[in-house]
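The file coords_11.txt comes next; it holds compact mmCIF, C-alpha atoms.
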# COMPACT_ATOMS: atom_id res chain seq x y z
CA MET B 1 -8.12 -5.57 -17.85
CA GLY B 2 -4.77 -4.56 -19.24
CA ASP B 3 -1.06 -5.12 -18.72
CA ILE B 4 0.39 -4.02 -15.41
CA GLY B 5 3.80 -3.32 -13.99
CA ARG B 6 5.25 -4.83 -10.85
CA THR B 7 4.01 -1.87 -8.83
CA ARG B 8 0.36 -2.04 -9.90
CA THR B 9 -2.35 -4.41 -8.74
CA GLY B 10 -4.16 -4.54 -12.08
CA ARG B 11 -7.43 -3.53 -10.42
CA LEU B 12 -9.39 -0.63 -11.83
CA ALA B 13 -10.35 1.05 -8.55
CA ASP B 14 -6.74 0.90 -7.32
CA ASP B 15 -5.42 2.67 -10.41
CA PHE B 16 -8.18 5.29 -10.29
CA PHE B 17 -7.44 5.89 -6.58
CA LEU B 18 -3.78 6.58 -7.41
CA MET B 19 -4.75 8.89 -10.28
CA VAL B 20 -7.02 10.94 -8.02
CA HIS B 21 -4.44 11.44 -5.28
CA ASP B 22 -1.37 13.65 -5.66
CA ASP B 23 1.79 11.60 -6.15
CA LEU B 24 3.67 13.41 -3.38
CA SER B 25 1.21 14.71 -0.81
CA GLY B 26 -1.64 12.26 -1.20
CA ARG B 27 -4.00 15.21 -1.47
CA PRO B 28 -7.13 14.21 -3.43
CA ARG B 29 -7.79 16.04 -6.69
CA LEU B 30 -11.55 15.54 -6.27
CA SER B 31 -14.03 16.31 -3.50
CA GLU B 32 -14.87 13.54 -1.06
CA ARG B 33 -18.26 12.77 -2.61
CA ILE B 34 -17.06 12.80 -6.23
CA LEU B 35 -14.04 10.66 -5.34
CA GLY B 36 -16.34 8.15 -3.68
CA LEU B 37 -18.68 8.01 -6.67
CA GLY B 38 -15.78 7.46 -9.08
CA LEU B 39 -14.40 4.64 -6.95
CA ALA B 40 -17.87 3.13 -6.58
CA GLY B 41 -18.12 3.04 -10.37
CA ALA B 42 -14.69 1.43 -10.55
CA LEU B 43 -15.64 -1.26 -8.02
CA LEU B 44 -18.79 -2.14 -9.96
CA ALA B 45 -16.72 -2.23 -13.15
CA GLU B 46 -14.37 -4.73 -11.52
CA LEU B 47 -17.33 -7.05 -10.89
CA ILE B 48 -18.56 -6.61 -14.45
CA ALA B 49 -15.10 -7.43 -15.80
CA LEU B 50 -14.99 -10.54 -13.61
CA GLY B 51 -18.30 -11.59 -15.13
CA VAL B 52 -20.28 -11.85 -11.88
CA VAL B 53 -22.63 -8.89 -12.36
CA ASP B 54 -24.14 -7.14 -15.36
CA ILE B 55 -26.33 -4.13 -16.08
CA GLU B 56 -29.75 -4.75 -17.61
CA LYS B 57 -32.22 -1.91 -18.14
CA ASN B 58 -30.24 0.33 -15.77
CA VAL B 59 -30.31 -2.28 -12.99
CA VAL B 60 -27.37 -4.19 -11.48
CA ARG B 61 -28.05 -7.92 -11.72
CA LEU B 62 -26.16 -11.07 -10.81
CA THR B 63 -25.06 -13.17 -13.79
CA GLY B 64 -24.95 -16.47 -11.91
CA TYR B 65 -21.26 -16.92 -12.58
CA GLN B 66 -19.01 -17.72 -9.61
CA MET B 67 -16.44 -15.23 -8.36
CA PRO B 68 -12.90 -16.32 -9.32
CA ALA B 69 -10.40 -17.15 -6.58
CA VAL B 70 -8.97 -14.15 -4.75
CA ASP B 71 -5.52 -14.72 -6.27
CA SER B 72 -6.95 -14.65 -9.83
CA PRO B 73 -6.23 -11.59 -12.01
CA GLY B 74 -8.56 -8.73 -11.08
CA ALA B 75 -10.15 -10.56 -8.14
CA SER B 76 -9.77 -9.49 -4.50
CA GLU B 77 -11.33 -9.79 -1.08
CA LEU B 78 -12.87 -6.34 -1.58
CA ALA B 79 -14.51 -7.48 -4.82
CA GLU B 80 -15.97 -10.42 -2.89
CA GLU B 81 -17.31 -8.03 -0.24
CA VAL B 82 -19.01 -5.85 -2.84
CA LEU B 83 -20.46 -8.92 -4.54
CA ARG B 84 -21.90 -10.09 -1.21
CA ASP B 85 -23.57 -6.69 -0.88
CA VAL B 86 -25.20 -7.20 -4.26
CA GLU B 87 -26.21 -10.77 -3.42
CA ALA B 88 -27.76 -9.63 -0.12
CA GLU B 89 -30.14 -7.28 -1.92
CA ALA B 90 -33.30 -9.33 -2.47
CA SER B 91 -34.59 -7.05 -5.22
CA SER B 92 -32.19 -5.68 -7.84
CA LEU B 93 -31.42 -1.98 -7.50
CA PRO B 94 -30.75 0.70 -10.12
CA VAL B 95 -27.11 1.40 -10.93
CA GLN B 96 -27.28 4.91 -9.48
CA ASP B 97 -28.53 3.58 -6.14
CA TRP B 98 -25.54 1.25 -5.94
CA LEU B 99 -23.18 4.09 -6.78
CA ALA B 100 -24.70 6.22 -4.01
CA TYR B 101 -24.42 3.34 -1.54
CA LEU B 102 -20.90 2.17 -2.38
CA CYS B 103 -19.43 5.69 -2.54
CA GLN B 104 -19.76 6.13 1.22
CA LEU B 105 -16.98 3.68 2.11
CA ALA B 106 -15.24 3.22 -1.25
CA PRO B 107 -12.26 5.55 -0.55
CA GLU B 108 -11.51 3.83 2.76
CA ARG B 109 -11.97 0.31 1.38
CA VAL B 110 -9.84 0.89 -1.72
CA GLY B 111 -7.21 2.74 0.34
CA ARG B 112 -6.93 -0.24 2.67
CA ARG B 113 -6.60 -2.61 -0.27
CA LEU B 114 -3.74 -0.53 -1.68
CA GLU B 115 -2.17 -0.35 1.77
CA ALA B 116 -2.26 -4.16 1.99
CA ALA B 117 -0.52 -4.25 -1.40
CA GLY B 118 2.24 -1.99 -0.05
CA LEU B 119 1.51 0.89 -2.44
CA VAL B 120 0.20 3.52 0.00
CA TYR B 121 0.20 4.21 3.72
CA PHE B 122 -2.17 6.25 5.85
CA LYS B 123 -0.82 9.39 7.53
CA ALA B 124 -3.10 10.63 10.28
CA SER B 125 -3.73 14.36 10.56
CA ALA B 126 -2.21 16.21 13.50
CA LEU B 127 -5.24 18.52 13.56
CA LYS B 128 -8.08 16.53 15.07
CA ALA B 129 -10.51 19.33 14.28
CA LEU B 130 -10.19 18.62 10.57
CA ARG B 131 -13.02 16.59 9.07
CA ARG B 132 -10.52 14.42 7.25
CA SER B 133 -8.48 12.37 9.67
CA GLY B 134 -5.51 12.03 7.33
CA ARG B 135 -4.27 11.22 3.85
CA TRP B 136 -3.20 8.22 1.83
CA ILE B 137 0.45 8.76 0.90
CA PRO B 138 2.03 6.82 -2.00
CA VAL B 139 4.98 4.68 -0.98
CA ASP B 140 6.71 5.41 -4.28
CA VAL B 141 6.10 8.59 -6.31
CA HIS B 142 6.92 7.03 -9.67
CA SER B 143 4.67 4.03 -9.09
CA ALA B 144 1.79 6.27 -8.03
CA GLY B 145 2.13 8.42 -11.14
CA TRP B 146 2.30 5.57 -13.62
CA PRO B 147 -1.44 4.79 -14.05
CA ALA B 148 -2.16 8.30 -15.40
CA ILE B 149 0.95 8.29 -17.59
CA ASP B 150 0.03 4.87 -18.95
CA VAL B 151 -3.48 6.10 -19.79
CA LYS B 152 -2.06 9.13 -21.58
CA LEU B 153 0.38 7.05 -23.64
CA ARG B 154 -2.13 4.38 -24.63
CA ILE B 155 -4.86 6.87 -25.53
CA TYR B 156 -2.44 9.10 -27.43
CA ASN B 157 -0.97 6.17 -29.39
CA GLY B 158 -4.32 4.51 -30.09
CA LYS B 159 -3.43 1.40 -28.08
CA ALA B 160 -5.96 1.65 -25.27
CA ASP B 161 -7.34 -1.57 -23.78
CA PRO B 162 -10.60 -1.79 -21.76
CA HIS B 163 -8.78 -1.07 -18.48
CA THR B 164 -7.29 2.11 -19.94
CA LEU B 165 -10.58 3.20 -21.49
CA MET B 166 -12.39 2.78 -18.18
CA LEU B 167 -9.80 4.88 -16.36
CA PHE B 168 -10.12 7.53 -19.07
CA GLY B 169 -13.90 7.30 -18.85
CA LEU B 170 -13.88 7.69 -15.07
CA ALA B 171 -11.66 10.75 -15.44
CA ARG B 172 -14.32 12.34 -17.64
CA ALA B 173 -17.24 11.16 -15.49
CA THR B 174 -15.77 12.71 -12.34
CA GLY B 175 -14.23 15.79 -13.96
CA LEU B 176 -10.75 14.72 -12.89
CA LYS B 177 -8.03 17.13 -14.04
CA HIS B 178 -4.71 15.30 -13.98
CA PRO B 179 -1.49 16.98 -15.18
CA SER B 180 -0.39 13.85 -17.01
CA LEU B 181 -3.54 13.83 -19.15
CA TRP B 182 -3.16 17.30 -20.67
CA GLU B 183 -2.03 15.93 -24.05
CA VAL B 184 -5.31 14.02 -24.44
CA GLU B 185 -7.50 16.61 -22.74
CA ASP B 186 -9.24 17.43 -26.04
CA ARG B 187 -10.62 13.88 -26.19
CA LEU B 188 -12.30 14.41 -22.84
CA GLN B 189 -14.08 17.53 -24.09
CA ASP B 190 -15.04 16.84 -27.71
CA PRO B 191 -18.23 14.66 -27.75
CA VAL B 192 -17.52 13.17 -31.20
CA VAL B 193 -13.90 12.27 -30.43
CA TRP B 194 -14.96 11.04 -27.00
CA GLU B 195 -17.50 8.63 -28.49
CA GLN B 196 -14.96 7.34 -30.98
CA THR B 197 -12.36 6.83 -28.26
CA LEU B 198 -14.67 4.75 -26.05
CA ARG B 199 -16.30 2.78 -28.87
CA PRO B 200 -14.11 -0.34 -28.31
CA LEU B 201 -15.79 -0.79 -24.90
CA VAL B 202 -19.02 -1.75 -26.67
CA ALA B 203 -17.35 -4.79 -28.22
CA PHE B 204 -15.73 -5.77 -24.91
CA ASN B 205 -18.78 -5.29 -22.67
CA PRO B 206 -21.45 -2.63 -23.30
CA ALA B 207 -22.34 -2.68 -19.58
CA LEU B 208 -19.07 -0.85 -18.87
CA LEU B 209 -20.07 2.00 -21.16
CA ASP B 210 -23.49 2.12 -19.49
CA LEU B 211 -21.80 2.26 -16.10
CA LEU B 212 -19.71 5.26 -17.14
CA GLY B 213 -22.86 7.06 -18.23
CA HIS B 214 -24.56 6.39 -14.90
CA THR B 215 -21.47 7.49 -12.98
CA GLU B 216 -21.30 10.76 -14.89
CA ALA B 217 -25.03 11.35 -14.28
CA VAL B 218 -24.73 10.77 -10.52
CA VAL B 219 -21.68 13.03 -10.34
CA GLY B 220 -23.56 15.74 -12.24
CA SER B 221 -26.49 15.42 -9.86
CA ALA B 222 -24.21 15.70 -6.83
CA ILE B 223 -22.58 18.84 -8.21
CA THR B 224 -25.92 20.42 -9.10
CA SER B 225 -27.32 19.75 -5.63
CA GLY B 226 -24.14 20.92 -3.93
CA ARG B 227 -23.57 17.54 -2.26
CA ILE B 228 -19.89 17.14 -3.09
CA SER B 229 -18.27 17.05 0.36
In structure tokens, write the structure found in this file.
Amino acid sequence: MGDIGRTRTGRLADDFFLMVHDDLSGRPRLSERILGLGLAGALLAELIALGVVDIEKNVVRLTGYQMPAVDSPGASELAEEVLRDVEAEASSLPVQDWLAYLCQLAPERVGRRLEAAGLVYFKASALKALRRSGRWIPVDVHSAGWPAIDVKLRIYNGKADPHTLMLFGLARATGLKHPSLWEVEDRLQDPVVWEQTLRPLVAFNPALLDLLGHTEAVVGSAITSGRIS
């Protein structure tokens, strides 16, 4: 899902994780719950892009296709773990149920995947009383900032690929405010321009566009109910 540099894994959830966390401090730009929901959406999108799951009538279903080898583009051990979760569910579940389930451990699981790739490290908090036990700190500031800059450039120049559009869509779905996206902020707010921007996703895989809609709905529900921490 898109070209990558030497310091990116090419996986959607990894890039979204880096966009959500401050390049220097590792401080998340979203609340714990909203971050988890965004990453859950990204993890499901990775499986859709790999062709192993699909969305039919708002339900996540297996396609019957085999998961590519772990060293294949976009594949990973984490993707295999999430797929096993889906396979273990005897009856298919609605997309929003999967988002609610996966969001609980998504930040930790994606953080560990990035740590294994050498892009972040975990810094434990000195204050044990804090609910959060620490932060994920980028190993390289420039590498951590590139996903958001790449999204801005591709959207601004009309050269967005599905990977870029999904990152842009997740930014809208979660309400992410990133300083590098200010030049394309209007496209996140204007419904007509927004629809035009994401239209290419329909040709690539309409399930991805459906997934963004479900993610935005679950985020909205969490905010309305006050369950964002």
Would you mind reading off the distance between atom CA of Lys159 of chain B and atom CA of His21 of chain B, one decimal, in Å? 24.9 Å
Expressed in Å to a single decimal, how great is the separation between atom CA of Leu44 of chain B and atom CA of Ala13 of chain B?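 Taking atom CA of Leu44 of chain B and atom CA of Ala13 of chain B, their separation equals 9.1 Å.
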So the first atom is atom CA of Arg227 of chain B and the second is atom CA of Asp210 of chain B; what is the distance between them in Å, to one decimal place?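 So the answer is 23.1 Å.
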Which residue of B:Leu181, B:Leu78, B:Leu35, B:Leu208 approaches Ala100 of chain B most closely, using all atoms listed in the file: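 The shortest atom-to-atom distance to Ala100 of chain B comes from B:Leu35.
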Could you produce a table of the residues of segment 187-225 of chain B lying within 12 Å of segment 84-99 of chain B, with the nearest pair of atoms per residue and their separation in Å rounded to one decimal, using only C-alpha atoms, ordered by chain and increasing residue number, as CSV?
residue,atom,partner,partner_atom,distance
B:Ala207,CA,B:Val95,CA,10.7
B:Leu208,CA,B:Val95,CA,11.5
B:Asp210,CA,B:Val95,CA,9.3
B:Leu211,CA,B:Val95,CA,7.5
B:Leu212,CA,B:Val95,CA,10.4
B:Gly213,CA,B:Gln96,CA,10.0
B:His214,CA,B:Gln96,CA,6.2
B:Thr215,CA,B:Gln96,CA,7.3
B:Glu216,CA,B:Gln96,CA,10.0
B:Ala217,CA,B:Gln96,CA,8.3
B:Val218,CA,B:Gln96,CA,6.5
B:Val219,CA,B:Leu99,CA,9.7
B:Gly220,CA,B:Gln96,CA,11.8
B:Ser221,CA,B:Gln96,CA,10.5
B:Ala222,CA,B:Gln96,CA,11.5
Arg199 of chain B: which residues within 12 Å, counting all atoms listed in the file, same-chain residues fewer than 2 positions away excluded, as a list in words?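 Non-adjacent residues within range: Ala160, Asp161, Pro162, Leu165, Met166, Gly169, Val192, Val193, Trp194, Glu195, Gln196, Thr197, Leu201, Val202, Ala203, Phe204, Asn205, Pro206, Leu208, Leu209 and Asp210 of chain B.
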Pick from B:Val120, B:Leu170, B:Val20, B:Ala79, whichever lies nearest to Val53 of chain B using all atoms listed in the file: B:Ala79
